[in-house]
>>> print(open('my_file.cif').read())   # mmCIF, C-alpha atoms
data_protein
#
loop_
_atom_site.group_PDB
_atom_site.id
_atom_site.type_symbol
_atom_site.label_atom_id
_atom_site.label_comp_id
_atom_site.auth_asym_id
_atom_site.auth_seq_id
_atom_site.Cartn_x
_atom_site.Cartn_y
_atom_site.Cartn_z
ATOM 1 C CA MET X 1 -23.755 -11.598 -40.697
ATOM 2 C CA VAL X 2 -25.411 -10.768 -37.369
ATOM 3 C CA GLY X 3 -29.018 -11.882 -37.079
ATOM 4 C CA GLU X 4 -31.372 -11.840 -34.094
ATOM 5 C CA ALA X 5 -29.667 -10.514 -30.966
ATOM 6 C CA VAL X 6 -30.415 -9.574 -27.371
ATOM 7 C CA LEU X 7 -28.556 -7.761 -24.617
ATOM 8 C CA ARG X 8 -28.786 -9.509 -21.242
ATOM 9 C CA ARG X 9 -28.015 -7.613 -18.013
ATOM 10 C CA ARG X 10 -28.424 -8.376 -14.339
ATOM 11 C CA CYS X 11 -30.917 -6.196 -12.508
ATOM 12 C CA GLY X 12 -32.307 -6.743 -9.001
ATOM 13 C CA GLY X 13 -31.287 -10.378 -8.933
ATOM 14 C CA GLU X 14 -32.907 -11.093 -12.290
ATOM 15 C CA VAL X 15 -31.659 -11.205 -15.870
ATOM 16 C CA VAL X 16 -33.318 -8.612 -18.109
ATOM 17 C CA GLU X 17 -33.238 -9.072 -21.884
ATOM 18 C CA THR X 18 -33.388 -6.196 -24.373
ATOM 19 C CA PRO X 19 -33.658 -6.711 -28.154
ATOM 20 C CA MET X 20 -30.678 -5.418 -30.155
ATOM 21 C CA PRO X 21 -30.343 -3.151 -31.974
ATOM 22 C CA GLY X 22 -32.828 -0.451 -31.082
ATOM 23 C CA GLY X 23 -33.895 -1.563 -27.607
ATOM 24 C CA ALA X 24 -33.770 0.964 -24.774
ATOM 25 C CA VAL X 25 -31.045 0.014 -22.279
ATOM 26 C CA GLY X 26 -30.802 1.548 -18.811
ATOM 27 C CA PHE X 27 -27.423 1.957 -17.144
ATOM 28 C CA ASP X 28 -28.509 2.513 -13.545
ATOM 29 C CA GLU X 29 -27.151 0.044 -10.976
ATOM 30 C CA LEU X 30 -25.368 -2.173 -13.477
ATOM 31 C CA VAL X 31 -24.194 -5.419 -11.903
ATOM 32 C CA PRO X 32 -21.130 -7.201 -13.388
ATOM 33 C CA TRP X 33 -22.122 -10.239 -15.408
ATOM 34 C CA ARG X 34 -19.497 -12.376 -13.674
ATOM 35 C CA VAL X 35 -18.183 -12.412 -10.121
ATOM 36 C CA PHE X 36 -14.597 -11.161 -9.726
ATOM 37 C CA ARG X 37 -12.803 -14.025 -8.032
ATOM 38 C CA SER X 38 -9.304 -14.253 -6.637
ATOM 39 C CA CYS X 39 -7.621 -17.465 -5.539
ATOM 40 C CA ARG X 40 -4.150 -18.830 -5.105
ATOM 41 C CA GLY X 41 -2.507 -19.871 -8.357
ATOM 42 C CA GLN X 42 -5.018 -18.291 -10.745
ATOM 43 C CA ALA X 43 -3.575 -17.224 -14.082
ATOM 44 C CA HIS X 44 -5.087 -13.748 -14.222
ATOM 45 C CA TYR X 45 -4.874 -10.777 -11.881
ATOM 46 C CA SER X 46 -8.251 -9.519 -10.701
ATOM 47 C CA GLY X 47 -9.342 -6.965 -8.157
ATOM 48 C CA MET X 48 -11.395 -3.865 -7.382
ATOM 49 C CA TYR X 49 -10.373 -0.315 -8.294
ATOM 50 C CA TRP X 50 -11.815 2.740 -6.536
ATOM 51 C CA SER X 51 -12.996 4.984 -9.377
ATOM 52 C CA ALA X 52 -13.061 8.770 -9.057
ATOM 53 C CA VAL X 53 -15.734 8.891 -11.771
ATOM 54 C CA MET X 54 -18.013 6.426 -10.010
ATOM 55 C CA GLY X 55 -17.164 7.316 -6.408
ATOM 56 C CA GLY X 56 -16.999 3.579 -5.765
ATOM 57 C CA HIS X 57 -15.307 0.362 -6.804
ATOM 58 C CA VAL X 58 -15.144 -1.070 -10.324
ATOM 59 C CA GLY X 59 -13.883 -4.606 -10.894
ATOM 60 C CA TYR X 60 -11.203 -5.810 -13.292
ATOM 61 C CA GLU X 61 -9.794 -9.198 -14.289
ATOM 62 C CA SER X 62 -6.298 -8.371 -15.509
ATOM 63 C CA ARG X 63 -3.558 -5.770 -15.166
ATOM 64 C CA LEU X 64 -4.384 -4.618 -18.683
ATOM 65 C CA GLU X 65 -8.001 -4.010 -17.657
ATOM 66 C CA LEU X 66 -6.705 -2.074 -14.647
ATOM 67 C CA ALA X 67 -4.603 0.024 -17.027
ATOM 68 C CA TRP X 68 -7.723 0.939 -19.017
ATOM 69 C CA LEU X 69 -9.526 1.864 -15.791
ATOM 70 C CA LEU X 70 -6.683 4.120 -14.661
ATOM 71 C CA LEU X 71 -6.603 5.990 -17.968
ATOM 72 C CA ALA X 72 -10.393 6.250 -18.293
ATOM 73 C CA ASP X 73 -10.824 7.436 -14.705
ATOM 74 C CA ARG X 74 -8.966 10.688 -15.467
ATOM 75 C CA ASP X 75 -11.653 11.722 -17.953
ATOM 76 C CA ALA X 76 -14.250 13.784 -16.109
ATOM 77 C CA GLY X 77 -16.475 13.537 -19.199
ATOM 78 C CA TRP X 78 -17.570 10.037 -18.183
ATOM 79 C CA ASN X 79 -20.462 9.720 -15.758
ATOM 80 C CA VAL X 80 -20.675 5.908 -15.835
ATOM 81 C CA ILE X 81 -17.877 3.338 -15.912
ATOM 82 C CA ALA X 82 -18.968 -0.277 -15.467
ATOM 83 C CA SER X 83 -17.145 -3.582 -15.827
ATOM 84 C CA GLN X 84 -18.671 -6.603 -17.567
ATOM 85 C CA PRO X 85 -21.917 -4.650 -17.962
ATOM 86 C CA PHE X 86 -23.917 -7.200 -19.955
ATOM 87 C CA GLN X 87 -23.870 -10.280 -22.146
ATOM 88 C CA LEU X 88 -24.558 -10.049 -25.860
ATOM 89 C CA VAL X 89 -26.275 -13.084 -27.404
ATOM 90 C CA ALA X 90 -26.587 -13.105 -31.175
ATOM 91 C CA THR X 91 -27.082 -15.421 -34.107
ATOM 92 C CA VAL X 92 -24.004 -14.967 -36.260
ATOM 93 C CA ASP X 93 -23.596 -16.920 -39.504
ATOM 94 C CA GLY X 94 -26.327 -19.277 -38.320
ATOM 95 C CA CYS X 95 -24.779 -20.035 -34.907
ATOM 96 C CA VAL X 96 -25.630 -18.606 -31.483
ATOM 97 C CA ARG X 97 -22.709 -16.582 -30.113
ATOM 98 C CA ARG X 98 -22.218 -15.027 -26.680
ATOM 99 C CA HIS X 99 -19.866 -12.286 -25.577
ATOM 100 C CA VAL X 100 -19.395 -10.242 -22.392
ATOM 101 C CA PRO X 101 -17.583 -6.927 -23.095
ATOM 102 C CA ASP X 102 -15.022 -5.868 -20.510
ATOM 103 C CA PHE X 103 -16.308 -2.339 -19.889
ATOM 104 C CA LEU X 104 -19.014 0.151 -20.690
ATOM 105 C CA ALA X 105 -18.577 3.909 -20.323
ATOM 106 C CA VAL X 106 -21.188 6.641 -20.766
ATOM 107 C CA ARG X 107 -20.362 10.299 -21.333
ATOM 108 C CA ASP X 108 -22.239 13.309 -20.002
ATOM 109 C CA ASP X 109 -23.801 13.835 -23.448
ATOM 110 C CA GLY X 110 -25.115 10.247 -23.485
ATOM 111 C CA LEU X 111 -22.519 8.754 -25.829
ATOM 112 C CA VAL X 112 -22.044 5.078 -24.948
ATOM 113 C CA THR X 113 -18.717 3.311 -25.494
ATOM 114 C CA VAL X 114 -18.315 -0.459 -25.215
ATOM 115 C CA VAL X 115 -14.727 -1.540 -24.545
ATOM 116 C CA ASP X 116 -12.962 -4.855 -24.987
ATOM 117 C CA VAL X 117 -9.464 -5.240 -23.531
ATOM 118 C CA LYS X 118 -7.021 -7.628 -25.147
ATOM 119 C CA PRO X 119 -3.201 -7.856 -25.408
ATOM 120 C CA ARG X 120 -1.947 -6.723 -28.806
ATOM 121 C CA ARG X 121 -0.438 -10.142 -29.535
ATOM 122 C CA ARG X 122 -3.917 -11.726 -29.349
ATOM 123 C CA LEU X 123 -5.689 -9.401 -31.730
ATOM 124 C CA GLN X 124 -4.751 -11.493 -34.772
ATOM 125 C CA ASP X 125 -6.217 -14.657 -33.231
ATOM 126 C CA PRO X 126 -9.078 -15.612 -35.603
ATOM 127 C CA THR X 127 -11.432 -16.443 -32.708
ATOM 128 C CA VAL X 128 -10.779 -13.102 -31.004
ATOM 129 C CA ALA X 129 -11.027 -11.157 -34.265
ATOM 130 C CA PHE X 130 -14.328 -12.853 -35.119
ATOM 131 C CA ALA X 131 -15.853 -12.131 -31.698
ATOM 132 C CA PHE X 132 -14.809 -8.494 -31.844
ATOM 133 C CA ALA X 133 -16.076 -8.110 -35.432
ATOM 134 C CA TRP X 134 -19.662 -9.180 -34.724
ATOM 135 C CA THR X 135 -19.663 -7.321 -31.415
ATOM 136 C CA ARG X 136 -18.568 -4.132 -33.187
ATOM 137 C CA ASP X 137 -21.295 -4.548 -35.818
ATOM 138 C CA LEU X 138 -23.988 -5.010 -33.187
ATOM 139 C CA VAL X 139 -22.769 -2.207 -30.920
ATOM 140 C CA GLU X 140 -22.408 0.329 -33.743
ATOM 141 C CA GLU X 141 -25.832 -0.602 -35.128
ATOM 142 C CA GLN X 142 -27.187 0.348 -31.691
ATOM 143 C CA GLY X 143 -25.629 3.798 -32.176
ATOM 144 C CA TRP X 144 -22.828 3.209 -29.661
ATOM 145 C CA ARG X 145 -19.042 3.226 -30.051
ATOM 146 C CA PHE X 146 -16.877 0.103 -29.868
ATOM 147 C CA GLU X 147 -13.266 0.335 -28.718
ATOM 148 C CA ILE X 148 -10.468 -2.213 -28.391
ATOM 149 C CA PHE X 149 -7.820 -1.377 -25.802
ATOM 150 C CA SER X 150 -4.336 -2.920 -25.836
ATOM 151 C CA GLU X 151 -1.074 -2.083 -24.079
ATOM 152 C CA PRO X 152 -0.667 1.698 -23.630
ATOM 153 C CA ASP X 153 2.601 3.607 -23.659
ATOM 154 C CA ARG X 154 4.597 2.500 -20.605
ATOM 155 C CA VAL X 155 5.678 5.976 -19.516
ATOM 156 C CA LEU X 156 2.148 7.338 -19.843
ATOM 157 C CA LEU X 157 0.732 4.475 -17.795
ATOM 158 C CA ALA X 158 3.412 4.826 -15.108
ATOM 159 C CA ASN X 159 2.656 8.551 -14.808
ATOM 160 C CA VAL X 160 -1.095 8.044 -14.579
ATOM 161 C CA ARG X 161 -0.683 5.221 -12.069
ATOM 162 C CA PHE X 162 1.356 7.587 -9.879
ATOM 163 C CA LEU X 163 -1.113 10.470 -10.276
ATOM 164 C CA ALA X 164 -4.001 8.169 -9.380
ATOM 165 C CA GLY X 165 -2.793 8.374 -5.797
ATOM 166 C CA TYR X 166 -4.096 11.957 -5.844
ATOM 167 C CA ARG X 167 -7.496 11.260 -7.424
ATOM 168 C CA ARG X 168 -9.768 11.668 -4.373
ATOM 169 C CA ALA X 169 -11.008 15.252 -4.731
ATOM 170 C CA TRP X 170 -12.293 15.637 -1.156
ATOM 171 C CA GLN X 171 -8.733 15.416 0.186
ATOM 172 C CA PHE X 172 -7.776 18.774 -1.347
ATOM 173 C CA ASP X 173 -8.488 22.394 -0.454
ATOM 174 C CA VAL X 174 -10.561 24.115 -3.149
ATOM 175 C CA GLY X 175 -9.021 27.520 -2.431
ATOM 176 C CA LEU X 176 -5.488 26.226 -2.821
ATOM 177 C CA LEU X 177 -6.425 24.432 -6.047
ATOM 178 C CA GLU X 178 -7.865 27.617 -7.525
ATOM 179 C CA ARG X 179 -4.783 29.606 -6.505
ATOM 180 C CA ALA X 180 -2.521 27.068 -8.174
ATOM 181 C CA VAL X 181 -4.579 27.244 -11.372
ATOM 182 C CA GLU X 182 -4.201 31.036 -11.375
ATOM 183 C CA VAL X 183 -0.425 30.761 -10.918
ATOM 184 C CA LEU X 184 -0.268 28.379 -13.869
ATOM 185 C CA ALA X 185 -2.041 30.664 -16.333
ATOM 186 C CA CYS X 186 1.346 30.648 -18.084
ATOM 187 C CA PRO X 187 3.581 27.548 -18.370
ATOM 188 C CA LEU X 188 6.092 27.040 -15.547
ATOM 189 C CA PRO X 189 8.509 24.299 -14.516
ATOM 190 C CA PHE X 190 6.860 22.206 -11.807
ATOM 191 C CA ALA X 191 9.404 23.287 -9.156
ATOM 192 C CA ASP X 192 8.821 26.971 -9.961
ATOM 193 C CA ALA X 193 5.066 26.473 -9.719
ATOM 194 C CA GLU X 194 5.541 24.989 -6.247
ATOM 195 C CA GLU X 195 7.604 27.998 -5.162
ATOM 196 C CA ARG X 196 5.064 30.536 -6.395
ATOM 197 C CA VAL X 197 2.121 28.802 -4.734
ATOM 198 C CA MET X 198 4.124 28.316 -1.532
ATOM 199 C CA THR X 199 4.546 32.072 -1.107
ATOM 200 C CA HIS X 200 1.011 32.118 0.292
ATOM 201 C CA GLY X 201 2.091 30.160 3.358
ATOM 202 C CA ASP X 202 1.433 26.537 2.422
ATOM 203 C CA GLY X 203 4.276 24.022 2.784
ATOM 204 C CA ARG X 204 5.934 22.305 -0.179
ATOM 205 C CA ALA X 205 4.446 18.876 0.514
ATOM 206 C CA ARG X 206 0.910 20.286 0.689
ATOM 207 C CA VAL X 207 1.358 22.361 -2.474
ATOM 208 C CA ARG X 208 2.900 19.440 -4.357
ATOM 209 C CA GLY X 209 -0.033 17.191 -3.518
ATOM 210 C CA HIS X 210 -2.485 19.789 -4.806
ATOM 211 C CA LEU X 211 -0.529 20.274 -8.036
ATOM 212 C CA LEU X 212 -0.462 16.518 -8.614
ATOM 213 C CA HIS X 213 -4.213 16.346 -8.071
ATOM 214 C CA LEU X 214 -4.646 19.067 -10.692
ATOM 215 C CA LEU X 215 -2.525 17.019 -13.100
ATOM 216 C CA TRP X 216 -4.682 13.964 -12.404
ATOM 217 C CA SER X 217 -7.931 15.857 -12.950
ATOM 218 C CA GLY X 218 -6.690 17.483 -16.161
ATOM 219 C CA ARG X 219 -7.123 21.056 -14.941
ATOM 220 C CA VAL X 220 -3.353 21.365 -15.259
ATOM 221 C CA ARG X 221 -1.476 19.653 -18.050
ATOM 222 C CA CYS X 222 2.020 18.485 -18.864
ATOM 223 C CA ASP X 223 3.532 16.062 -21.358
ATOM 224 C CA LEU X 224 2.654 12.709 -19.778
ATOM 225 C CA SER X 225 4.615 10.852 -22.449
ATOM 226 C CA LEU X 226 7.751 11.952 -20.547
ATOM 227 C CA PRO X 227 8.703 10.950 -16.991
ATOM 228 C CA LEU X 228 7.356 13.286 -14.322
ATOM 229 C CA SER X 229 10.039 15.614 -12.935
ATOM 230 C CA GLU X 230 10.508 18.949 -11.201
ATOM 231 C CA SER X 231 11.677 20.480 -14.489
ATOM 232 C CA MET X 232 8.609 19.460 -16.523
ATOM 233 C CA LEU X 233 6.489 22.331 -17.814
ATOM 234 C CA VAL X 234 2.990 22.525 -16.350
ATOM 235 C CA GLU X 235 0.168 24.832 -17.440
ATOM 236 C CA ALA X 236 -3.483 25.390 -16.542
ATOM 237 C CA VAL X 237 -5.907 24.186 -19.188
#
>>> encode(input="my_file.cif", output="C-alpha cells")
Amino acid sequence: MVGEAVLRRRCGGEVVETPMPGGAVGFDELVPWRVFRSCRGQAHYSGMYWSAVMGGHVGYESRLELAWLLLADRDAGWNVIASQPFQLVATVDGCVRRHVPDFLAVRDDGLVTVVDVKPRRRLQDPTVAFAFAWTRDLVEEQGWRFEIFSEPDRVLLANVRFLAGYRRAWQFDVGLLERAVEVLACPLPFADAEERVMTHGDGRARVRGHLLHLLWSGRVRCDLSLPLSESMLVEAV
C-alpha cells in the first residue's frame, strides 16, 4: 500500500517537491535527476540522443533506453520527452521507497506517460516488480499512464534506427515532400515511387532521402516489421 508520497524534480539549481497524487507538476525545463556519465570500463552504455521532438539532446543510460528514444521520437504527438525527469519518494508498506523513472513523455493533448525501461529477463525479479508496482499505483492515481518498455522487435528497431538518420526536418525541401506525398496517394513499391517523383527533375539520391524522411515522420507508411527494400510497398497516410 502506497502512503504519503512526493515528486521531487530539479528546477533552477534547486529541488522542488510536489505532493502526490494531485499536486500540479510543471514540465518546463526539466533537468535529469542524475548526471549521464561515461567512463572507461563502465558496465552500461550511456550517451545523448538528438531528439526530433525536442529539437535538442535527451540523455540515456543503456542501449535499451536508446531504443525507446528512437521509437518514441517518431511520434509527432509528443511535445515533451525527458529522461530521468524526477524522483518519486513514497512510504510503501511502512518503509520509505525512492524511484527515478527512466523517461517522461507528454502528448499534445496533455496526456502524461511515465516510462521505465528494463530488459524482459529482469521483469520477474521481485525487487524490480515491487518497485514498478508501487510506481504504477502512484502514477495512475495522479491520472497519468505508466509504461514498461522491454526489447522491441529487432527488425522494427533496425528499420527505425536507419530512418532516424533522416529525422532532421530542416534538411528537406517542403515542396518535394508534398509532391512525394501526392504521388503516394496509392500504394507503390519504393523503387517505383522514386521513379515517379524523379520525373520532376530531382535526382534519385535526393528523392530517396526525402522518401525516407517521410517514412520516419509517419506521413508515408510501410510495414516496418519487414526489412526495408526497394520492393516494399509505401503509401501516404
>>> resolve_selection(input="my_file.cif", expression="the PyMOL selection byres ((chain X and resi 221) around 9)", output="number ranges by chain")
X: 214-216, 218-220, 222-224, 233-237
>>> closest_atom_pairs(input="my_file.cif", of="segment 65-125 of chain X", to="segment 158-170 of chain X", cutoff="9 Å", atoms="only C-alpha atoms", output="tab-separated table")
residue	atom	partner	partner_atom	distance
X:Ala67	CA	X:Arg161	CA	8.2
X:Leu70	CA	X:Arg161	CA	6.6
X:Leu71	CA	X:Val160	CA	6.8
X:Asp73	CA	X:Ala164	CA	8.7
X:Arg74	CA	X:Arg167	CA	8.2
>>> atom_distance(input="my_file.cif", atom1="atom CA of Asp28 of chain X", atom2="atom CA of His99 of chain X")
20.9 Å
>>> residues_around(input="my_file.cif", residues="segment 226-230 of chain X", least_positions_apart="3", cutoff="8 Å", atoms="all atoms listed in the file", output="VMD selection string")
chain X and resid 155 to 156 159 189 to 191 223
>>> residues_around(input="my_file.cif", residues="Tyr45 of chain X", least_positions_apart="5", cutoff="9 Å", atoms="only C-alpha atoms", output="PyMOL selection string")
chain X and resi 38+60-63
>>> atom_distance(input="my_file.cif", atom1="atom CA of Asp75 of chain X", atom2="atom CA of Leu212 of chain X")
15.3 Å
>>> closest_atom_pairs(input="my_file.cif", of="segment 121-167 of chain X", to="segment 4-10 of chain X", cutoff="12 Å", atoms="all atoms listed in the file", output="Markdown table")
| residue | atom | partner | partner_atom | distance |
| --- | --- | --- | --- | --- |
| X:Trp134 | CA | X:Ala5 | CA | 10.8 |
| X:Thr135 | CA | X:Ala5 | CA | 10.5 |
| X:Asp137 | CA | X:Ala5 | CA | 11.4 |
| X:Leu138 | CA | X:Ala5 | CA | 8.2 |
| X:Val139 | CA | X:Leu7 | CA | 10.2 |
| X:Glu141 | CA | X:Ala5 | CA | 11.4 |
| X:Gln142 | CA | X:Leu7 | CA | 10.8 |
>>> residues_near_point(input="my_file.cif", point="(-15.1, 0.0, -13.6)", cutoff="8 Å", atoms="all atoms listed in the file", output="list in words")
Tyr49, Ser51, Met54, His57, Val58, Gly59, Tyr60, Leu69, Ile81, Ala82, Ser83 and Phe103 of chain X
>>> write_last_selection(input="my_file.cif", atoms="C-alpha atoms", output="PDB file, in the frame of the given file")
ATOM      1  CA  TYR X  49     -10.373  -0.315  -8.294  1.00  0.00           C
ATOM      2  CA  SER X  51     -12.996   4.984  -9.377  1.00  0.00           C
ATOM      3  CA  MET X  54     -18.013   6.426 -10.010  1.00  0.00           C
ATOM      4  CA  HIS X  57     -15.307   0.362  -6.804  1.00  0.00           C
ATOM      5  CA  VAL X  58     -15.144  -1.070 -10.324  1.00  0.00           C
ATOM      6  CA  GLY X  59     -13.883  -4.606 -10.894  1.00  0.00           C
ATOM      7  CA  TYR X  60     -11.203  -5.810 -13.292  1.00  0.00           C
ATOM      8  CA  LEU X  69      -9.526   1.864 -15.791  1.00  0.00           C
ATOM      9  CA  ILE X  81     -17.877   3.338 -15.912  1.00  0.00           C
ATOM     10  CA  ALA X  82     -18.968  -0.277 -15.467  1.00  0.00           C
ATOM     11  CA  SER X  83     -17.145  -3.582 -15.827  1.00  0.00           C
ATOM     12  CA  PHE X 103     -16.308  -2.339 -19.889  1.00  0.00           C
TER      13      PHE X 103
END
>>> closest_residue(input="my_file.cif", among="X:Val80, X:Val174, X:Met20, X:Val114", to="Gly56 of chain X", atoms="all atoms listed in the file")
X:Val80
>>> atom_distance(input="my_file.cif", atom1="atom CA of Glu195 of chain X", atom2="atom CA of Val207 of chain X")
8.8 Å
>>> residues_near_point(input="my_file.cif", point="(-21.7, 6.1, -27.7)", cutoff="7 Å", atoms="all atoms listed in the file", output="PyMOL selection string")
chain X and resi 106+110-113+143-145
>>> closest_residue(input="my_file.cif", among="X:Leu157, X:Val16, X:Leu104, X:Cys95", to="Val2 of chain X", atoms="only C-alpha atoms")
X:Cys95
>>> residues_around(input="my_file.cif", residues="segment 116-118 of chain X", least_positions_apart="3", cutoff="9 Å", atoms="only C-alpha atoms", output="compact mmCIF listing (two decimals) with C-alpha atoms, in the coordinates of the input")
# COMPACT_ATOMS: atom_id res chain seq x y z
CA LEU X 64 -4.38 -4.62 -18.68
CA GLU X 65 -8.00 -4.01 -17.66
CA TRP X 68 -7.72 0.94 -19.02
CA VAL X 100 -19.40 -10.24 -22.39
CA PRO X 101 -17.58 -6.93 -23.10
CA ASP X 102 -15.02 -5.87 -20.51
CA PHE X 103 -16.31 -2.34 -19.89
CA LEU X 104 -19.01 0.15 -20.69
CA ARG X 121 -0.44 -10.14 -29.54
CA ARG X 122 -3.92 -11.73 -29.35
CA LEU X 123 -5.69 -9.40 -31.73
CA VAL X 128 -10.78 -13.10 -31.00
CA PHE X 132 -14.81 -8.49 -31.84
CA PHE X 146 -16.88 0.10 -29.87
CA GLU X 147 -13.27 0.34 -28.72
CA ILE X 148 -10.47 -2.21 -28.39
CA PHE X 149 -7.82 -1.38 -25.80
CA SER X 150 -4.34 -2.92 -25.84
CA GLU X 151 -1.07 -2.08 -24.08
>>> closest_residue(input="my_file.cif", among="X:Arg120, X:Arg208, X:His44, X:Arg196", to="Pro152 of chain X", atoms="all atoms listed in the file")
X:Arg120
>>> residues_around(input="my_file.cif", residues="His200 of chain X", least_positions_apart="3", cutoff="12 Å", atoms="only C-alpha atoms", output="compact mmCIF listing (two decimals) with C-alpha atoms, keeping the file's coordinate frame")
# COMPACT_ATOMS: atom_id res chain seq x y z
CA GLY X 175 -9.02 27.52 -2.43
CA LEU X 176 -5.49 26.23 -2.82
CA ARG X 179 -4.78 29.61 -6.50
CA ALA X 180 -2.52 27.07 -8.17
CA VAL X 183 -0.42 30.76 -10.92
CA GLU X 194 5.54 24.99 -6.25
CA GLU X 195 7.60 28.00 -5.16
CA ARG X 196 5.06 30.54 -6.40
CA VAL X 197 2.12 28.80 -4.73
CA GLY X 203 4.28 24.02 2.78
CA ARG X 204 5.93 22.30 -0.18
CA ARG X 206 0.91 20.29 0.69
CA VAL X 207 1.36 22.36 -2.47
>>> closest_residue(input="my_file.cif", among="X:Asp192, X:Arg97, X:His213, X:Glu17", to="Glu178 of chain X", atoms="all atoms listed in the file")
X:His213
>>> resolve_selection(input="my_file.cif", expression="the PyMOL selection byres ((chain X and resi 33) around 8)", output="PDB file with C-alpha atoms, in the coordinates of the input")
ATOM      1  CA  ARG X   9     -28.015  -7.613 -18.013  1.00  0.00           C
ATOM      2  CA  ARG X  10     -28.424  -8.376 -14.339  1.00  0.00           C
ATOM      3  CA  VAL X  31     -24.194  -5.419 -11.903  1.00  0.00           C
ATOM      4  CA  PRO X  32     -21.130  -7.201 -13.388  1.00  0.00           C
ATOM      5  CA  ARG X  34     -19.497 -12.376 -13.674  1.00  0.00           C
ATOM      6  CA  VAL X  35     -18.183 -12.412 -10.121  1.00  0.00           C
ATOM      7  CA  GLN X  84     -18.671  -6.603 -17.567  1.00  0.00           C
ATOM      8  CA  PRO X  85     -21.917  -4.650 -17.962  1.00  0.00           C
ATOM      9  CA  PHE X  86     -23.917  -7.200 -19.955  1.00  0.00           C
ATOM     10  CA  GLN X  87     -23.870 -10.280 -22.146  1.00  0.00           C
ATOM     11  CA  VAL X 100     -19.395 -10.242 -22.392  1.00  0.00           C
TER      12      VAL X 100
END
>>> closest_residue(input="my_file.cif", among="X:Gly47, X:His210, X:Ser217, X:Pro19", to="Gly77 of chain X", atoms="all atoms listed in the file")
X:Ser217
